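Source file: run_17.txt. Holds: compact mmCIF, C-alpha atoms.
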```
# COMPACT_ATOMS: atom_id res chain seq x y z
CA MET A 1 0.00 0.00 0.00
CA LEU A 2 1.17 3.55 -0.70
CA MET A 3 2.36 5.69 2.19
CA GLU A 4 -0.82 7.29 3.44
CA SER A 5 -2.09 9.36 6.34
CA VAL A 6 -5.76 9.89 7.23
CA TYR A 7 -7.42 12.77 9.05
CA ARG A 8 -10.97 12.40 10.36
CA SER A 9 -12.46 15.36 12.13
CA GLU A 10 -14.60 13.03 14.23
CA ASP A 11 -11.39 11.84 15.93
CA VAL A 12 -10.69 15.39 17.16
CA PRO A 13 -12.53 17.24 19.97
CA ILE A 14 -15.29 19.28 18.39
CA ASP A 15 -13.91 22.64 19.49
CA GLU A 16 -10.50 21.86 17.90
CA ARG A 17 -11.64 20.50 14.54
CA PHE A 18 -11.64 23.72 12.57
CA ASP A 19 -8.17 24.86 13.61
CA CYS A 20 -6.77 21.34 13.33
CA TRP A 21 -7.83 21.02 9.70
CA ARG A 22 -6.53 24.49 8.88
CA THR A 23 -3.15 23.43 10.27
CA LEU A 24 -3.24 20.22 8.23
CA LEU A 25 -4.00 22.18 5.04
CA GLY A 26 -1.00 24.37 5.78
CA ARG A 27 1.18 21.24 5.64
CA THR A 28 -0.44 19.45 2.69
CA HIS A 29 -1.02 22.55 0.54
CA ALA A 30 -0.09 25.99 1.90
CA PRO A 31 -1.36 28.18 4.74
CA VAL A 32 -4.92 29.37 4.05
CA ASP A 33 -7.67 31.18 5.90
CA LEU A 34 -10.92 29.24 6.26
CA VAL A 35 -14.50 30.47 6.53
CA SER A 36 -17.42 28.12 7.09
CA GLU A 37 -20.92 28.05 8.51
CA HIS A 38 -19.92 24.67 9.94
CA ARG A 39 -17.12 25.97 12.13
CA GLN A 40 -18.70 24.41 15.23
CA ASP A 41 -19.54 21.03 13.68
CA LEU A 42 -17.09 20.73 10.78
CA LEU A 43 -17.01 17.28 9.20
CA VAL A 44 -13.83 16.40 7.25
CA VAL A 45 -12.26 13.18 6.01
CA GLN A 46 -8.92 13.71 4.22
CA ARG A 47 -6.42 11.11 3.07
CA THR A 48 -2.93 12.14 1.96
CA LEU A 49 -1.06 9.81 -0.41
CA SER A 50 2.69 10.36 -0.72
CA LEU A 51 4.11 9.96 -4.24
CA GLY A 52 7.63 11.16 -3.58
CA ALA A 53 7.69 14.94 -4.00
CA VAL A 54 4.08 14.81 -5.23
CA SER A 55 1.06 14.29 -2.98
CA VAL A 56 -2.55 13.41 -3.72
CA TRP A 57 -5.27 14.08 -1.18
CA PRO A 58 -8.83 12.83 -1.62
CA SER A 59 -11.20 14.57 0.78
CA SER A 60 -14.83 15.13 1.73
CA PHE A 61 -15.91 18.06 3.87
CA HIS A 62 -18.64 20.52 4.75
CA PRO A 63 -18.71 23.60 2.49
CA VAL A 64 -15.73 25.87 3.22
CA VAL A 65 -14.22 29.02 1.71
CA PHE A 66 -10.42 28.80 1.30
CA ARG A 67 -8.51 32.09 1.05
CA ARG A 68 -4.82 32.46 0.20
CA THR A 69 -4.00 36.08 0.90
CA PRO A 70 -0.95 38.23 0.10
CA ARG A 71 -0.10 38.20 3.81
CA LEU A 72 -0.05 34.40 3.93
CA ILE A 73 2.03 34.26 0.74
CA ARG A 74 4.61 36.60 2.28
CA GLU A 75 4.73 34.47 5.40
CA SER A 76 5.08 31.11 3.65
CA ASP A 77 5.15 30.00 0.02
CA PRO A 78 6.08 26.41 -0.89
CA GLU A 79 6.10 27.50 -4.58
CA GLY A 80 3.80 24.76 -5.74
CA LEU A 81 0.92 24.18 -8.11
CA HIS A 82 -2.33 22.75 -6.82
CA LEU A 83 -4.94 20.99 -8.94
CA THR A 84 -8.39 20.11 -7.65
CA LEU A 85 -10.85 17.83 -9.38
CA PRO A 86 -14.36 18.00 -7.88
CA LEU A 87 -15.98 14.58 -7.72
CA LYS A 88 -19.23 15.62 -6.02
CA GLY A 89 -20.20 19.27 -5.83
CA MET A 90 -18.63 22.32 -7.43
CA LEU A 91 -15.95 24.96 -6.87
CA HIS A 92 -16.27 28.69 -7.46
CA VAL A 93 -12.79 30.22 -7.81
CA SER A 94 -11.79 33.89 -7.71
CA ARG A 95 -8.30 34.96 -8.77
CA GLU A 96 -6.54 38.09 -9.93
CA ARG A 97 -7.40 37.16 -13.52
CA GLY A 98 -11.12 36.59 -12.95
CA GLU A 99 -13.54 33.90 -11.83
CA THR A 100 -14.20 30.32 -12.91
CA CYS A 101 -16.56 27.53 -11.89
CA HIS A 102 -15.55 23.89 -11.82
CA ASP A 103 -17.56 20.69 -11.73
CA PRO A 104 -16.39 17.07 -12.17
CA ASP A 105 -15.66 17.85 -15.83
CA SER A 106 -12.74 20.23 -15.18
CA PHE A 107 -9.62 20.80 -13.12
CA ASN A 108 -9.05 23.89 -11.02
CA VAL A 109 -5.40 25.06 -11.12
CA LEU A 110 -3.93 27.29 -8.40
CA SER A 111 -0.49 28.63 -7.61
CA THR A 112 0.56 28.95 -4.00
CA SER A 113 2.39 32.13 -5.05
CA ARG A 114 -0.79 33.97 -6.10
CA PRO A 115 -3.84 35.05 -4.05
CA PHE A 116 -7.10 33.17 -4.53
CA GLU A 117 -10.46 32.41 -2.97
CA VAL A 118 -12.08 29.02 -3.50
CA ARG A 119 -15.69 28.54 -2.44
CA SER A 120 -16.67 24.86 -2.23
CA ILE A 121 -20.28 23.95 -2.97
CA ALA A 122 -21.74 20.76 -1.54
CA SER A 123 -23.51 17.99 -3.40
CA ALA A 124 -26.85 16.52 -2.34
CA ASP A 125 -25.29 14.74 0.64
CA GLY A 126 -24.23 18.06 2.18
CA LEU A 127 -20.52 17.48 1.56
CA HIS A 128 -18.05 18.52 -1.11
CA THR A 129 -15.91 15.63 -2.36
CA GLY A 130 -12.84 15.99 -4.52
CA VAL A 131 -9.23 15.04 -5.05
CA GLY A 132 -6.35 17.49 -4.73
CA LEU A 133 -2.90 17.24 -6.29
CA GLU A 134 0.18 19.09 -5.02
CA VAL A 135 3.22 19.41 -7.31
CA PRO A 136 6.35 21.51 -6.64
CA ALA A 137 6.60 24.07 -9.43
CA ALA A 138 10.29 23.20 -9.84
CA LEU A 139 9.34 19.75 -11.17
CA LEU A 140 7.44 21.24 -14.11
CA PRO A 141 9.28 22.53 -17.20
CA PHE A 142 7.50 25.91 -17.23
CA PRO A 143 8.81 29.40 -16.46
CA GLY A 144 6.82 31.42 -13.93
CA ARG A 145 5.03 33.49 -16.57
CA LEU A 146 3.54 30.40 -18.20
CA ARG A 147 2.59 28.90 -14.82
CA ASP A 148 0.65 32.08 -14.05
CA ARG A 149 -1.18 31.73 -17.33
CA LEU A 150 -2.21 28.18 -16.48
CA THR A 151 -4.05 29.29 -13.34
CA GLY A 152 -6.54 31.14 -15.55
CA LEU A 153 -7.42 28.18 -17.75
CA ARG A 154 -10.28 25.72 -17.37
CA LEU A 155 -8.69 22.32 -18.05
CA SER A 156 -11.00 19.54 -19.20
CA ALA A 157 -10.97 16.30 -17.22
CA LYS A 158 -13.07 14.49 -19.82
CA ASP A 159 -10.76 14.19 -22.83
CA GLY A 160 -7.12 14.02 -23.86
CA PHE A 161 -4.40 14.26 -21.23
CA GLY A 162 -6.91 15.64 -18.72
CA ALA A 163 -8.98 12.46 -18.91
CA LEU A 164 -5.85 10.34 -18.40
CA LEU A 165 -4.83 12.38 -15.36
CA ALA A 166 -8.35 12.31 -13.90
CA GLN A 167 -8.51 8.55 -14.39
CA LEU A 168 -5.17 8.07 -12.63
CA LEU A 169 -6.10 10.31 -9.68
CA THR A 170 -9.49 8.65 -9.30
CA GLN A 171 -7.92 5.20 -9.46
CA LEU A 172 -5.40 6.16 -6.78
CA THR A 173 -8.25 7.47 -4.64
CA HIS A 174 -10.05 4.13 -4.75
CA GLY A 175 -7.18 1.67 -5.19
CA SER A 176 -4.01 2.75 -3.38
CA HIS A 177 -3.84 -0.72 -1.78
CA SER A 178 -2.78 -2.13 -5.16
CA TYR A 179 0.65 -0.50 -4.84
CA GLN A 180 3.70 -0.85 -2.63
CA PRO A 181 5.32 2.13 -0.83
CA ALA A 182 8.24 1.98 -3.28
CA ASP A 183 5.77 2.62 -6.13
CA GLY A 184 5.04 6.11 -4.79
CA PRO A 185 7.94 7.97 -6.49
CA ARG A 186 7.31 6.10 -9.74
CA LEU A 187 3.66 7.14 -9.70
CA GLY A 188 4.77 10.68 -8.89
CA THR A 189 6.90 10.70 -12.04
CA ILE A 190 3.93 9.52 -14.12
CA VAL A 191 1.72 12.24 -12.61
CA VAL A 192 4.29 14.96 -13.38
CA ASP A 193 4.70 13.71 -16.95
CA LEU A 194 0.93 13.67 -17.54
CA LEU A 195 0.54 17.08 -15.95
CA SER A 196 3.33 18.54 -18.10
CA ALA A 197 1.68 17.18 -21.23
CA LEU A 198 -1.74 18.50 -20.15
CA PHE A 199 -0.33 21.98 -19.47
CA ALA A 200 1.64 22.08 -22.73
CA HIS A 201 -1.43 21.10 -24.73
CA ALA A 202 -3.59 23.66 -22.92
CA LEU A 203 -1.12 26.50 -23.50
CA ASP A 204 -0.66 25.56 -27.14
CA THR A 205 -4.41 25.65 -27.84
CA ASP A 206 -5.37 28.67 -25.73
CA GLY A 207 -5.67 31.13 -28.60
CA PRO A 208 -2.82 32.68 -30.58
CA LEU A 209 0.48 32.76 -28.71
CA ALA A 210 3.38 35.15 -29.03
CA ALA A 211 6.32 33.60 -30.89
CA GLU A 212 8.45 33.31 -27.74
CA THR A 213 5.61 31.76 -25.73
CA HIS A 214 4.80 29.37 -28.56
CA GLN A 215 8.42 28.20 -28.64
CA GLN A 216 8.44 27.68 -24.87
CA THR A 217 5.28 25.59 -24.94
CA LEU A 218 6.61 23.62 -27.91
CA VAL A 219 9.75 22.79 -25.92
CA VAL A 220 7.56 21.64 -23.02
CA ARG A 221 5.50 19.47 -25.36
CA ILE A 222 8.68 18.00 -26.85
CA ARG A 223 10.04 17.21 -23.39
CA ALA A 224 6.76 15.49 -22.47
CA PHE A 225 6.91 13.43 -25.69
CA ILE A 226 10.50 12.42 -24.96
CA GLN A 227 9.70 11.40 -21.39
CA ALA A 228 6.85 9.21 -22.62
CA ASN A 229 9.10 7.45 -25.17
CA LEU A 230 12.42 7.00 -23.36
CA HIS A 231 12.06 3.24 -23.71
CA ASP A 232 12.37 3.47 -27.51
CA PRO A 233 16.03 3.07 -28.59
CA ALA A 234 15.09 4.79 -31.87
CA LEU A 235 14.24 7.98 -30.01
CA THR A 236 16.74 10.30 -31.68
CA PRO A 237 16.51 14.06 -32.35
CA SER A 238 15.39 13.36 -35.92
CA ALA A 239 12.66 10.98 -34.67
CA VAL A 240 11.50 13.57 -32.13
CA ALA A 241 11.39 16.27 -34.80
CA ALA A 242 9.39 14.03 -37.14
CA ALA A 243 6.87 13.24 -34.40
CA GLN A 244 6.38 16.97 -33.75
CA HIS A 245 6.16 17.78 -37.48
CA ILE A 246 9.15 20.13 -37.39
CA SER A 247 12.59 19.94 -38.98
CA THR A 248 15.56 18.59 -37.05
CA SER A 249 17.38 21.89 -37.50
CA TYR A 250 14.43 23.78 -35.97
CA LEU A 251 14.40 21.32 -33.07
CA HIS A 252 18.05 22.08 -32.39
CA ARG A 253 17.36 25.81 -32.56
CA LEU A 254 14.58 25.43 -29.99
CA PHE A 255 17.09 23.90 -27.57
CA GLN A 256 19.84 26.46 -28.18
CA HIS A 257 18.80 28.38 -25.08
CA GLU A 258 18.22 25.28 -22.95
CA GLU A 259 20.83 23.86 -20.59
CA GLU A 260 21.44 20.80 -22.80
CA THR A 261 21.10 19.72 -26.40
CA VAL A 262 18.19 17.46 -27.31
CA ALA A 263 20.41 14.38 -27.49
CA ALA A 264 22.08 15.16 -24.16
CA TRP A 265 18.70 15.70 -22.47
CA ILE A 266 17.37 12.39 -23.81
CA ARG A 267 20.46 10.58 -22.53
CA ARG A 268 20.31 12.22 -19.10
CA GLN A 269 16.62 11.37 -18.71
CA ARG A 270 17.30 7.74 -19.62
CA LEU A 271 20.25 7.47 -17.24
CA ASP A 272 18.36 9.14 -14.39
CA ARG A 273 15.44 6.73 -14.80
CA ALA A 274 17.82 3.75 -14.95
CA ARG A 275 19.70 4.96 -11.85
CA ARG A 276 16.39 5.29 -9.99
CA ASP A 277 15.44 1.71 -10.89
CA LEU A 278 18.86 0.33 -9.89
CA ALA A 279 18.48 1.92 -6.45
CA ASP A 280 14.90 0.67 -6.01
CA PRO A 281 14.82 -2.20 -3.46
CA ALA A 282 11.77 -3.64 -5.22
CA GLN A 283 13.84 -4.12 -8.40
CA TYR A 284 17.07 -5.61 -7.03
CA ALA A 285 16.25 -8.93 -8.72
CA VAL A 286 15.77 -7.32 -12.15
CA PRO A 287 18.89 -7.93 -14.30
CA ILE A 288 20.84 -4.80 -15.13
CA HIS A 289 20.53 -5.39 -18.88
CA VAL A 290 16.73 -5.46 -18.50
CA VAL A 291 16.78 -2.10 -16.69
CA ALA A 292 19.04 -0.74 -19.45
CA ALA A 293 16.74 -1.93 -22.24
CA ARG A 294 13.72 -0.54 -20.41
CA TRP A 295 15.21 2.94 -20.74
CA GLY A 296 16.42 2.81 -24.32
CA PHE A 297 19.85 1.12 -24.01
CA PRO A 298 19.61 -2.17 -25.94
CA GLN A 299 23.37 -2.74 -25.74
CA ALA A 300 24.57 -3.50 -22.21
CA ALA A 301 28.12 -2.32 -22.95
CA ASP A 302 26.89 1.06 -24.20
CA PHE A 303 24.76 1.45 -21.09
CA SER A 304 27.59 0.54 -18.72
CA ARG A 305 29.94 3.02 -20.38
CA ALA A 306 27.38 5.84 -20.40
CA PHE A 307 26.40 5.16 -16.78
CA ARG A 308 30.02 5.22 -15.58
CA ASN A 309 30.69 8.46 -17.46
CA ALA A 310 27.62 10.08 -15.90
CA PHE A 311 27.85 8.84 -12.30
CA GLY A 312 31.46 7.76 -11.80
CA VAL A 313 30.77 4.07 -11.12
CA PRO A 314 29.48 1.20 -13.28
CA PRO A 315 25.84 0.13 -12.88
CA ARG A 316 26.63 -3.04 -10.92
CA GLU A 317 28.73 -1.12 -8.39
CA TYR A 318 26.06 1.58 -8.08
CA ARG A 319 23.41 -1.04 -7.29
CA ARG A 320 25.70 -2.69 -4.73
CA LEU A 321 26.31 0.64 -2.98
CA ALA A 322 22.60 1.46 -3.07
CA ARG A 323 21.84 -1.82 -1.32
CA ASN A 324 24.65 -1.33 1.21
CA PRO A 325 25.19 2.42 1.67
CA ASP A 326 27.53 1.80 4.63
CA MET A 327 30.04 0.29 2.20
CA ALA A 328 30.46 3.60 0.33
CA VAL A 329 33.79 5.25 1.00
```
Now that the file is in, can you turn its structure into structure tokens?
Amino acid sequence: MLMESVYRSEDVPIDERFDCWRTLLGRTHAPVDLVSEHRQDLLVVQRTLSLGAVSVWPSSFHPVVFRRTPRLIRESDPEGLHLTLPLKGMLHVSRERGETCHDPDSFNVLSTSRPFEVRSIASADGLHTGVGLEVPAALLPFPGRLRDRLTGLRLSAKDGFGALLAQLLTQLTHGSHSYQPADGPRLGTIVVDLLSALFAHALDTDGPLAAETHQQTLVVRIRAFIQANLHDPALTPSAVAAAQHISTSYLHRLFQHEEETVAAWIRRQRLDRARRDLADPAQYAVPIHVVAARWGFPQAADFSRAFRNAFGVPPREYRRLARNPDMAV
């Protein structure tokens, strides 16, 4: 089962429930002010699933207004993005850029670095039920300006990447027992990849973009495509360019201002994923050549050489040290 914590307001003295949940939200999301007609009898059930740096928290609660104010932002900002998918009920969201309403067909996107007010509306059972997703902004390949733009979009949860993400979050909500604790970081990687693809698609289709913004979103979309196809040994810059319907020379120009070339970024992503699997206790029995092939290295010798060049030790030695960290010099 995934690492999970559960908060039930009924387990807390009635006069402490409101403040206790507000404190919990400050840890799972960011500090917020709460307003509710149910302050004296607040009912909340919140689970928090740990997926490495990412967390998912299904919850049901009496209607509440959440406010993230400039004062709270100055006091504490984890610099994260928060997505909420209502499952029962609705959300009315007010931001600097306007207002939006969200039902189970759409995601609400918030930045902890920007003020907002979210008014939850209950379903027929008197509770609002939804699933929240917390992702550190640093994990997403978007500059701050594009992240701000995302908080004003209404992202569909019924088609495309949004439907895939909604399906995954809903499945985690109802079936976390199907996974082991070591699966958490792997699921977190999948969530970040899906979220990056969803954001890139949304930015690319949200009306005409300035040339610079279009190039930035194209780079994000390319990175998402690469991450989804790292297993393919034929994933070369020319193959990436063909899949994106651009020329290879234009692809290289897009990456001129990035930290690495396309080929170098592909290789680093593959090696990082392989290193993660080699250090995973649940995969110690998986042969090294199988891990290598999984991440696009069909030739074991090529993988061993690339791994040593990147991390200073061959794959077998890295796995040995990961299993016995006390043996490291």
Using all atoms listed in the file, can you tell me which of A:Thr236, A:Gln283, A:Ser55, A:Gln244 comes closest to Thr189 (chain A)?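 Under the stated criterion, the closest residue is A:Ser55.
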Which value, in Å to one decimal, gives the distance between CA of Arg270 (chain A) and CA of Leu203 (chain A)?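 Those two atoms sit 26.6 Å apart.
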Which value, in Å to one decimal, gives the distance between CA of Met1 (chain A) and CA of Ser50 (chain A)?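 So the answer is 10.7 Å.
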Could you list as a PyMOL selection string every residue that has an atom within 8 Å of (-18.3, 19.5, 13.0), using the file's coordinates and counting only C-alpha atoms? chain A and resi 9-10+14+17-18+38-44
10 Å contact set for Ala182 (chain A), only C-alpha atoms, chain neighbours under 6 positions out, as an MDAnalysis selection string: chainID A and resid 1:3 51:52 280:283
Using all atoms listed in the file, find each residue in region 163-279 of chain A having at least one atom no more than 9 Å away from region 148-156 of chain A; report its shortest atom-to-atom pair and that distance in Å (one decimal), rows by chain then rising number, as a Markdown table.
```
| residue | atom | partner | partner_atom | distance |
| --- | --- | --- | --- | --- |
| A:Ala163 | CA | A:Ser156 | CA | 7.4 |
| A:Leu198 | CA | A:Leu155 | CA | 8.2 |
| A:Phe199 | CA | A:Leu150 | CA | 7.1 |
| A:Ala202 | CA | A:Leu155 | CA | 7.2 |
| A:Leu203 | CA | A:Leu150 | CA | 7.3 |
| A:Asp206 | CA | A:Leu153 | CA | 8.3 |
```
Expressed in Å to a single decimal, how great is the separation between CA of Ser111 (chain A) and CA of Gly26 (chain A)? 14.1 Å
At a cut-off of 12 Å, using all atoms listed in the file, what residues contact Val118 (chain A)? Leave out same-chain residues fewer than 3 positions from it and give the result as an NGL selection string. :A and (32-36 or 63-69 or 84 or 90-95 or 99-102 or 108-110 or 115 or 121)
Of the candidates A:Leu72, A:Val240, A:Leu230, A:Val56, which one gets nearest to Leu168 (chain A) if we count all atoms listed in the file?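 Ranking A:Leu72, A:Val240, A:Leu230, A:Val56 by distance to Leu168 (chain A), first place goes to A:Val56.
Each of A:Leu169, A:Ala197, A:Leu254, A:Val6 was compared to Gln215 (chain A) using only C-alpha atoms, and A:Leu254 turns out to be the nearest.
Across A:Arg223, A:His257, A:His201, A:His289, the tightest approach to Asp159 (chain A) is made by A:His201 when counting all atoms listed in the file.
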Can you put N, CA, C and O atoms back into region 183-207 of chain A and show it as a PDB file, in the coordinates of the input?
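Saved as out-v4.pdb:
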```
ATOM      1  N   ASP A 183       6.386   2.169  -4.878  1.00  0.00           N
ATOM      2  CA  ASP A 183       5.770   2.620  -6.130  1.00  0.00           C
ATOM      3  C   ASP A 183       5.437   4.105  -6.102  1.00  0.00           C
ATOM      4  O   ASP A 183       5.173   4.697  -7.148  1.00  0.00           O
ATOM      5  N   GLY A 184       5.431   4.719  -4.907  1.00  0.00           N
ATOM      6  CA  GLY A 184       5.040   6.110  -4.790  1.00  0.00           C
ATOM      7  C   GLY A 184       5.825   7.049  -5.701  1.00  0.00           C
ATOM      8  O   GLY A 184       5.234   7.785  -6.503  1.00  0.00           O
ATOM      9  N   PRO A 185       7.172   7.070  -5.614  1.00  0.00           N
ATOM     10  CA  PRO A 185       7.940   7.970  -6.490  1.00  0.00           C
ATOM     11  C   PRO A 185       7.729   7.692  -7.971  1.00  0.00           C
ATOM     12  O   PRO A 185       7.726   8.616  -8.787  1.00  0.00           O
ATOM     13  N   ARG A 186       7.553   6.409  -8.337  1.00  0.00           N
ATOM     14  CA  ARG A 186       7.310   6.100  -9.740  1.00  0.00           C
ATOM     15  C   ARG A 186       5.974   6.675 -10.201  1.00  0.00           C
ATOM     16  O   ARG A 186       5.866   7.221 -11.304  1.00  0.00           O
ATOM     17  N   LEU A 187       4.955   6.546  -9.360  1.00  0.00           N
ATOM     18  CA  LEU A 187       3.660   7.140  -9.700  1.00  0.00           C
ATOM     19  C   LEU A 187       3.761   8.655  -9.752  1.00  0.00           C
ATOM     20  O   LEU A 187       3.123   9.303 -10.588  1.00  0.00           O
ATOM     21  N   GLY A 188       4.566   9.236  -8.863  1.00  0.00           N
ATOM     22  CA  GLY A 188       4.770  10.680  -8.890  1.00  0.00           C
ATOM     23  C   GLY A 188       5.361  11.135 -10.206  1.00  0.00           C
ATOM     24  O   GLY A 188       4.960  12.172 -10.754  1.00  0.00           O
ATOM     25  N   THR A 189       6.301  10.364 -10.741  1.00  0.00           N
ATOM     26  CA  THR A 189       6.900  10.700 -12.040  1.00  0.00           C
ATOM     27  C   THR A 189       5.857  10.657 -13.142  1.00  0.00           C
ATOM     28  O   THR A 189       5.814  11.527 -14.016  1.00  0.00           O
ATOM     29  N   ILE A 190       4.989   9.636 -13.111  1.00  0.00           N
ATOM     30  CA  ILE A 190       3.930   9.520 -14.120  1.00  0.00           C
ATOM     31  C   ILE A 190       2.980  10.717 -14.021  1.00  0.00           C
ATOM     32  O   ILE A 190       2.586  11.297 -15.044  1.00  0.00           O
ATOM     33  N   VAL A 191       2.616  11.098 -12.799  1.00  0.00           N
ATOM     34  CA  VAL A 191       1.720  12.240 -12.610  1.00  0.00           C
ATOM     35  C   VAL A 191       2.336  13.510 -13.177  1.00  0.00           C
ATOM     36  O   VAL A 191       1.672  14.274 -13.884  1.00  0.00           O
ATOM     37  N   VAL A 192       3.619  13.748 -12.880  1.00  0.00           N
ATOM     38  CA  VAL A 192       4.290  14.960 -13.380  1.00  0.00           C
ATOM     39  C   VAL A 192       4.356  14.953 -14.898  1.00  0.00           C
ATOM     40  O   VAL A 192       4.132  15.983 -15.553  1.00  0.00           O
ATOM     41  N   ASP A 193       4.645  13.793 -15.494  1.00  0.00           N
ATOM     42  CA  ASP A 193       4.700  13.710 -16.950  1.00  0.00           C
ATOM     43  C   ASP A 193       3.341  14.009 -17.577  1.00  0.00           C
ATOM     44  O   ASP A 193       3.240  14.748 -18.570  1.00  0.00           O
ATOM     45  N   LEU A 194       2.275  13.418 -17.022  1.00  0.00           N
ATOM     46  CA  LEU A 194       0.930  13.670 -17.540  1.00  0.00           C
ATOM     47  C   LEU A 194       0.542  15.136 -17.373  1.00  0.00           C
ATOM     48  O   LEU A 194      -0.038  15.756 -18.277  1.00  0.00           O
ATOM     49  N   LEU A 195       0.874  15.684 -16.218  1.00  0.00           N
ATOM     50  CA  LEU A 195       0.540  17.080 -15.950  1.00  0.00           C
ATOM     51  C   LEU A 195       1.288  18.014 -16.891  1.00  0.00           C
ATOM     52  O   LEU A 195       0.718  18.982 -17.406  1.00  0.00           O
ATOM     53  N   SER A 196       2.552  17.728 -17.159  1.00  0.00           N
ATOM     54  CA  SER A 196       3.330  18.540 -18.100  1.00  0.00           C
ATOM     55  C   SER A 196       2.711  18.503 -19.490  1.00  0.00           C
ATOM     56  O   SER A 196       2.604  19.528 -20.167  1.00  0.00           O
ATOM     57  N   ALA A 197       2.306  17.307 -19.913  1.00  0.00           N
ATOM     58  CA  ALA A 197       1.680  17.180 -21.230  1.00  0.00           C
ATOM     59  C   ALA A 197       0.344  17.916 -21.291  1.00  0.00           C
ATOM     60  O   ALA A 197       0.026  18.577 -22.285  1.00  0.00           O
ATOM     61  N   LEU A 198      -0.452  17.804 -20.212  1.00  0.00           N
ATOM     62  CA  LEU A 198      -1.740  18.500 -20.150  1.00  0.00           C
ATOM     63  C   LEU A 198      -1.535  20.014 -20.229  1.00  0.00           C
ATOM     64  O   LEU A 198      -2.220  20.711 -20.984  1.00  0.00           O
ATOM     65  N   PHE A 199      -0.588  20.544 -19.470  1.00  0.00           N
ATOM     66  CA  PHE A 199      -0.330  21.980 -19.470  1.00  0.00           C
ATOM     67  C   PHE A 199       0.174  22.447 -20.829  1.00  0.00           C
ATOM     68  O   PHE A 199      -0.245  23.492 -21.344  1.00  0.00           O
ATOM     69  N   ALA A 200       1.098  21.687 -21.425  1.00  0.00           N
ATOM     70  CA  ALA A 200       1.640  22.080 -22.730  1.00  0.00           C
ATOM     71  C   ALA A 200       0.541  22.130 -23.775  1.00  0.00           C
ATOM     72  O   ALA A 200       0.474  23.058 -24.591  1.00  0.00           O
ATOM     73  N   HIS A 201      -0.332  21.125 -23.770  1.00  0.00           N
ATOM     74  CA  HIS A 201      -1.430  21.100 -24.730  1.00  0.00           C
ATOM     75  C   HIS A 201      -2.375  22.279 -24.499  1.00  0.00           C
ATOM     76  O   HIS A 201      -2.807  22.940 -25.450  1.00  0.00           O
ATOM     77  N   ALA A 202      -2.673  22.563 -23.231  1.00  0.00           N
ATOM     78  CA  ALA A 202      -3.590  23.660 -22.920  1.00  0.00           C
ATOM     79  C   ALA A 202      -3.018  25.001 -23.364  1.00  0.00           C
ATOM     80  O   ALA A 202      -3.720  25.836 -23.946  1.00  0.00           O
ATOM     81  N   LEU A 203      -1.742  25.230 -23.118  1.00  0.00           N
ATOM     82  CA  LEU A 203      -1.120  26.500 -23.500  1.00  0.00           C
ATOM     83  C   LEU A 203      -1.047  26.637 -25.014  1.00  0.00           C
ATOM     84  O   LEU A 203      -1.203  27.730 -25.562  1.00  0.00           O
ATOM     85  N   ASP A 204      -0.818  25.530 -25.689  1.00  0.00           N
ATOM     86  CA  ASP A 204      -0.660  25.560 -27.140  1.00  0.00           C
ATOM     87  C   ASP A 204      -1.982  25.809 -27.849  1.00  0.00           C
ATOM     88  O   ASP A 204      -2.011  26.258 -28.992  1.00  0.00           O
ATOM     89  N   THR A 205      -3.103  25.502 -27.192  1.00  0.00           N
ATOM     90  CA  THR A 205      -4.410  25.650 -27.840  1.00  0.00           C
ATOM     91  C   THR A 205      -5.208  26.818 -27.291  1.00  0.00           C
ATOM     92  O   THR A 205      -6.333  27.059 -27.722  1.00  0.00           O
ATOM     93  N   ASP A 206      -4.648  27.553 -26.347  1.00  0.00           N
ATOM     94  CA  ASP A 206      -5.370  28.670 -25.730  1.00  0.00           C
ATOM     95  C   ASP A 206      -5.199  29.946 -26.541  1.00  0.00           C
ATOM     96  O   ASP A 206      -4.590  30.912 -26.109  1.00  0.00           O
ATOM     97  N   GLY A 207      -5.735  29.935 -27.764  1.00  0.00           N
ATOM     98  CA  GLY A 207      -5.670  31.130 -28.600  1.00  0.00           C
ATOM     99  C   GLY A 207      -4.292  31.352 -29.179  1.00  0.00           C
ATOM    100  O   GLY A 207      -3.356  30.596 -28.937  1.00  0.00           O
TER     101      GLY A 207
END
```
